[in-house]
Amino acid sequence: MDQYNQHIPDPPFEETYKDLFLKQSVTPIAGNPMATAVEELELPLVDLGRLAGDREDDERQRCKREIAEASKEWGFFQVVNHGISQEILDEMRREQVKVFREPFYKKKGDKCMNLSLSPGSYRWGTPTATCLGQLSWSEAFHIPLTDISADCGSPKLSSIVKQFAMKVSELAQNLVQILATELSNKEESTSFFEENCLPISCYLRMNRYPSCPKYFQVFGLMPHTDSDFLTILYQDQVGGLQLVKDGKWIAVKPNPKALIVNIGDLFEAWSNGIYKSVEHRVVTSQKAERFSTAYFVCPSYDAVIQSCKEPSIYRKFSFGEYRKQVQDDVRKLGYKIGLPHFLC
């Protein structure tokens with residue numbers, strides 16, 4: 001590791017995880033993600049322009065119902081006319097690529113973002129991996145919105161990250177309120193999200209998945225569900241995102257005009273299992289690197305998640321308790337168990 005070329009942007013995956021690769025050459029990985037063909041499908045598409053104030057009320061209600069139905073049946077959907085300009089999205093991608101082109105040693109030292117980031121914001125690989133099936137061939141910057149609010153250097157990067165964060169936060173709050181009211185018209189249901197899911201507890205994650213020409217059995221991001229209420233994803237057109245639908249893996253067909261939205265574990269618990277937090281993964285490409293930026297809607301750590309309907313499938317729990325359980329599982333098992341721990 002000490003002799004790793006300081007000018008190389010890619011993390012030293014092979015050197016760091018060489019024992020896993022040697023082990024896997026003797027014992028082939030079970031459930032190789034590249035072993036079988038995966039059907040490519042388009043996610044349900046929702047045009048949020050139908051929510052505009054000048055539209056008929058029936059049209060707005062149909063749009064809201066489509067959002068709720070996709071969340072029940074798929075746990076994923078995509079949105080167009082979402083209110084974030086293509087100019088902002090394109091500039092965000094250009095600046096993101098520049099950051100990941102920086103040498104690995106600068107990224108590892110949190111020295112390239114110029115965003116007053118918290119220590120450890122740059123992450124790569126999977127430190128807890130005990131087999132290749134648990135290794136994620138990717139790197140990321142984890143950026144709490146509280147870090148984005150600080151004044152900092154690199155005005156261009158700082159400005160576009162702030163613009164993107166502000167716009168995607170507005171979109172997220174609108175979607176959360178729609179999903180809450182479609183399930184429960186009680187005032188306390190919508191006020192819960194207004195009081196507990198403020199931007200200061202949410203975060204961005206900028207991802208890069210380097211090409212992986214030598215190892216067919218490695219994930220870009222291992223199968224998981226999201227430990228939040230809602231995730232909004234802006235991705236490039238390389239592809240690689242897959243999810244479970246009707247018991248089998250499907251590949252998500254990229255749409256250059258759409259953002260992807262998916263339900264997280266907390267919304268599944270809050271909705272009493274009506275909205276689905278679906279397992280998903282990213283598979284690597286032999287030839288192309290992949291970029292994406294995700295926005296995660298999270299509550300404060302002391303917020304208590306409780307079902308909006310009775311009888312409840314899940315016992316109530318705080319977000320802090322949930323996060324600790326996930327971290328304990330990953331440390332002990334190498335993977336997350338999630339909501340099954342909290343069944344009544």
# chains A, B, ... in the order shown; residues from 1 in each chain; ligands from 1

call {"tool": "closest_atom_pairs", "arguments": {"of": "segment 234-271 of chain A", "to": "segment 87-90 of chain A", "cutoff": "12 Å", "atoms": "only C-alpha atoms", "output": "Markdown table"}}
result
| residue | atom | partner | partner_atom | distance |
| --- | --- | --- | --- | --- |
| A:Tyr234 | CA | A:Leu89 | CA | 8.0 |
| A:Gln235 | CA | A:Leu89 | CA | 9.8 |
| A:Asp236 | CA | A:Asp90 | CA | 10.1 |
| A:Pro256 | CA | A:Leu89 | CA | 10.7 |
| A:Lys257 | CA | A:Leu89 | CA | 10.1 |
| A:Ala258 | CA | A:Leu89 | CA | 10.8 |
| A:Leu259 | CA | A:Leu89 | CA | 10.2 |

call {"tool": "residues_around", "arguments": {"residues": "segment 36-48 of chain A", "least_positions_apart": "5", "cutoff": "12 Å", "atoms": "only C-alpha atoms", "output": "PyMOL selection string"}}
result
chain A and resi 31+53+55+59-84+171+174-175+178+216-217+239-245+248-255+257-262+283

call {"tool": "select_by_dssp", "arguments": {"residues": "segment 108-326 of chain A", "states": "strand (DSSP E or B)", "output": "JSON, numbers by chain"}}
result
{"A": [122, 123, 124, 136, 139, 140, 141, 142, 143, 144, 203, 204, 205, 206, 207, 208, 209, 219, 220, 221, 222, 223, 224, 230, 231, 232, 233, 234, 235, 241, 242, 243, 244, 245, 248, 249, 250, 251, 252, 259, 260, 261, 262, 263, 280, 281, 282, 283, 290, 291, 292, 293, 294, 295, 296, 297, 304, 305, 314, 317, 318]}

call {"tool": "closest_atom_pairs", "arguments": {"of": "segment 217-302 of chain A", "to": "segment 137-144 of chain A", "cutoff": "9 Å", "atoms": "only C-alpha atoms", "output": "JSON lines"}}
result
{"residue": "A:Val218", "atom": "CA", "partner": "A:Trp137", "partner_atom": "CA", "distance": 6.8}
{"residue": "A:Phe219", "atom": "CA", "partner": "A:Trp137", "partner_atom": "CA", "distance": 6.0}
{"residue": "A:Gly220", "atom": "CA", "partner": "A:Trp137", "partner_atom": "CA", "distance": 4.4}
{"residue": "A:Leu221", "atom": "CA", "partner": "A:Trp137", "partner_atom": "CA", "distance": 6.6}
{"residue": "A:Met222", "atom": "CA", "partner": "A:Trp137", "partner_atom": "CA", "distance": 8.8}
{"residue": "A:Val283", "atom": "CA", "partner": "A:Trp137", "partner_atom": "CA", "distance": 9.0}
{"residue": "A:Thr284", "atom": "CA", "partner": "A:Trp137", "partner_atom": "CA", "distance": 7.4}

call {"tool": "write_last_selection", "arguments": {"atoms": "N, CA, C and O atoms", "output": "mmCIF file, in the first residue's frame"}}
result
data_model
loop_
_atom_site.group_PDB
_atom_site.id
_atom_site.type_symbol
_atom_site.label_atom_id
_atom_site.label_comp_id
_atom_site.auth_asym_id
_atom_site.auth_seq_id
_atom_site.Cartn_x
_atom_site.Cartn_y
_atom_site.Cartn_z
ATOM 1 N N VAL A 218 -17.311 -9.764 -8.910
ATOM 2 C CA VAL A 218 -17.284 -8.685 -7.930
ATOM 3 C C VAL A 218 -18.422 -7.702 -8.192
ATOM 4 O O VAL A 218 -18.659 -7.298 -9.330
ATOM 5 N N PHE A 219 -19.109 -7.302 -7.131
ATOM 6 C CA PHE A 219 -20.157 -6.292 -7.235
ATOM 7 C C PHE A 219 -19.550 -4.895 -7.226
ATOM 8 O O PHE A 219 -18.527 -4.650 -6.580
ATOM 9 N N GLY A 220 -20.218 -3.958 -7.908
ATOM 10 C CA GLY A 220 -19.892 -2.552 -7.707
ATOM 11 C C GLY A 220 -20.395 -2.113 -6.345
ATOM 12 O O GLY A 220 -19.740 -1.362 -5.619
ATOM 13 N N LEU A 221 -21.572 -2.584 -5.994
ATOM 14 C CA LEU A 221 -22.166 -2.371 -4.675
ATOM 15 C C LEU A 221 -22.954 -3.623 -4.336
ATOM 16 O O LEU A 221 -23.831 -4.035 -5.103
ATOM 17 N N MET A 222 -22.629 -4.238 -3.215
ATOM 18 C CA MET A 222 -23.227 -5.516 -2.877
ATOM 19 C C MET A 222 -24.733 -5.380 -2.611
ATOM 20 O O MET A 222 -25.222 -4.284 -2.300
ATOM 21 N N VAL A 283 -23.833 -3.918 -10.447
ATOM 22 C CA VAL A 283 -22.845 -4.840 -11.001
ATOM 23 C C VAL A 283 -21.785 -4.042 -11.736
ATOM 24 O O VAL A 283 -22.050 -2.959 -12.272
ATOM 25 N N THR A 284 -20.573 -4.554 -11.758
ATOM 26 C CA THR A 284 -19.463 -3.859 -12.392
ATOM 27 C C THR A 284 -19.498 -4.023 -13.905
ATOM 28 O O THR A 284 -20.121 -4.942 -14.435
#

call {"tool": "residues_around", "arguments": {"residues": "Gly273 of chain A", "least_positions_apart": "2", "cutoff": "12 Å", "atoms": "only C-alpha atoms", "output": "JSON, numbers by chain"}}
result
{"A": [71, 72, 73, 75, 183, 263, 264, 265, 266, 267, 268, 269, 270, 271, 275, 276, 277, 278, 306, 307, 308, 309, 310, 311, 312, 313, 314, 339, 340, 343]}

call {"tool": "select_by_dssp", "arguments": {"residues": "segment 310-341 of chain A", "states": "helix (DSSP H, G or I)", "output": "ChimeraX atom specification"}}
result
/A:319-333,339-341

call {"tool": "write_last_selection", "arguments": {"atoms": "N, CA and C atoms", "output": "PDB file, in the first residue's frame"}}
result
ATOM      1  N   PHE A 319     -34.125   5.790  15.064  1.00  0.00           N
ATOM      2  CA  PHE A 319     -33.212   5.670  13.939  1.00  0.00           C
ATOM      3  C   PHE A 319     -31.802   5.343  14.427  1.00  0.00           C
ATOM      4  N   GLY A 320     -31.427   5.913  15.555  1.00  0.00           N
ATOM      5  CA  GLY A 320     -30.123   5.602  16.120  1.00  0.00           C
ATOM      6  C   GLY A 320     -29.984   4.130  16.466  1.00  0.00           C
ATOM      7  N   GLU A 321     -31.037   3.553  17.016  1.00  0.00           N
ATOM      8  CA  GLU A 321     -31.034   2.125  17.345  1.00  0.00           C
ATOM      9  C   GLU A 321     -30.907   1.284  16.075  1.00  0.00           C
ATOM     10  N   TYR A 322     -31.626   1.703  15.035  1.00  0.00           N
ATOM     11  CA  TYR A 322     -31.582   0.954  13.775  1.00  0.00           C
ATOM     12  C   TYR A 322     -30.191   0.993  13.165  1.00  0.00           C
ATOM     13  N   ARG A 323     -29.598   2.173  13.130  1.00  0.00           N
ATOM     14  CA  ARG A 323     -28.259   2.315  12.564  1.00  0.00           C
ATOM     15  C   ARG A 323     -27.241   1.476  13.322  1.00  0.00           C
ATOM     16  N   LYS A 324     -27.349   1.466  14.637  1.00  0.00           N
ATOM     17  CA  LYS A 324     -26.408   0.681  15.443  1.00  0.00           C
ATOM     18  C   LYS A 324     -26.546  -0.803  15.142  1.00  0.00           C
ATOM     19  N   GLN A 325     -27.794  -1.287  15.000  1.00  0.00           N
ATOM     20  CA  GLN A 325     -28.012  -2.698  14.694  1.00  0.00           C
ATOM     21  C   GLN A 325     -27.424  -3.062  13.333  1.00  0.00           C
ATOM     22  N   VAL A 326     -27.614  -2.186  12.348  1.00  0.00           N
ATOM     23  CA  VAL A 326     -27.051  -2.426  11.015  1.00  0.00           C
ATOM     24  C   VAL A 326     -25.531  -2.489  11.087  1.00  0.00           C
ATOM     25  N   GLN A 327     -24.924  -1.542  11.786  1.00  0.00           N
ATOM     26  CA  GLN A 327     -23.462  -1.519  11.907  1.00  0.00           C
ATOM     27  C   GLN A 327     -22.944  -2.758  12.625  1.00  0.00           C
ATOM     28  N   ASP A 328     -23.653  -3.198  13.663  1.00  0.00           N
ATOM     29  CA  ASP A 328     -23.255  -4.410  14.389  1.00  0.00           C
ATOM     30  C   ASP A 328     -23.321  -5.628  13.477  1.00  0.00           C
ATOM     31  N   ASP A 329     -24.387  -5.724  12.685  1.00  0.00           N
ATOM     32  CA  ASP A 329     -24.531  -6.864  11.784  1.00  0.00           C
ATOM     33  C   ASP A 329     -23.411  -6.892  10.743  1.00  0.00           C
ATOM     34  N   VAL A 330     -23.138  -5.737  10.157  1.00  0.00           N
ATOM     35  CA  VAL A 330     -22.091  -5.677   9.126  1.00  0.00           C
ATOM     36  C   VAL A 330     -20.738  -6.043   9.713  1.00  0.00           C
ATOM     37  N   ARG A 331     -20.474  -5.572  10.920  1.00  0.00           N
ATOM     38  CA  ARG A 331     -19.192  -5.874  11.557  1.00  0.00           C
ATOM     39  C   ARG A 331     -19.065  -7.363  11.883  1.00  0.00           C
ATOM     40  N   LYS A 332     -20.156  -7.975  12.351  1.00  0.00           N
ATOM     41  CA  LYS A 332     -20.102  -9.379  12.769  1.00  0.00           C
ATOM     42  C   LYS A 332     -20.299 -10.358  11.614  1.00  0.00           C
ATOM     43  N   LEU A 333     -21.198 -10.009  10.679  1.00  0.00           N
ATOM     44  CA  LEU A 333     -21.596 -10.951   9.632  1.00  0.00           C
ATOM     45  C   LEU A 333     -21.048 -10.604   8.250  1.00  0.00           C
ATOM     46  N   LEU A 339     -34.550  -4.823   8.687  1.00  0.00           N
ATOM     47  CA  LEU A 339     -35.864  -4.802   9.335  1.00  0.00           C
ATOM     48  C   LEU A 339     -36.255  -6.115  10.038  1.00  0.00           C
ATOM     49  N   PRO A 340     -35.854  -7.293   9.565  1.00  0.00           N
ATOM     50  CA  PRO A 340     -36.259  -8.517  10.276  1.00  0.00           C
ATOM     51  C   PRO A 340     -35.898  -8.517  11.764  1.00  0.00           C
ATOM     52  N   HIS A 341     -34.888  -7.749  12.145  1.00  0.00           N
ATOM     53  CA  HIS A 341     -34.551  -7.638  13.568  1.00  0.00           C
ATOM     54  C   HIS A 341     -35.674  -6.970  14.367  1.00  0.00           C
TER      55      HIS A 341
END

call {"tool": "residues_around", "arguments": {"residues": "Met92 of chain A", "least_positions_apart": "2", "cutoff": "12 Å", "atoms": "only C-alpha atoms", "output": "number ranges by chain"}}
result
A: 84-90, 94-99, 156-165, 206, 234-236, 291-294

call {"tool": "closest_residue", "arguments": {"among": "A:Tyr335, A:Phe192, A:Tyr209, A:Tyr301", "to": "Gly133 of chain A", "atoms": "only C-alpha atoms"}}
result
A:Tyr335

call {"tool": "residues_around", "arguments": {"residues": "Pro9 of chain A", "least_positions_apart": "2", "cutoff": "10 Å", "atoms": "only C-alpha atoms", "output": "list in words"}}
result
Asn5, Gln6, His7, Pro11, Pro12, Val99, Phe100, Arg101, Glu102, Pro103, Phe104, Tyr105, Lys106, Lys107 and Pro210 of chain A

call {"tool": "residues_around", "arguments": {"residues": "segment 295-298 of chain A", "least_positions_apart": "6", "cutoff": "7 Å", "atoms": "only C-alpha atoms", "output": "list of chain:residue names"}}
result
A:Cys197, A:Ser201, A:Cys202, A:Tyr203, A:Leu204, A:Arg205, A:Asp228, A:Phe229, A:Leu230, A:Thr231, A:Ile232, A:Leu233

call {"tool": "closest_residue", "arguments": {"among": "A:Asn196, A:Asn207, A:Thr190, A:Ser118", "to": "Ala303 of chain A", "atoms": "only C-alpha atoms"}}
result
A:Asn196
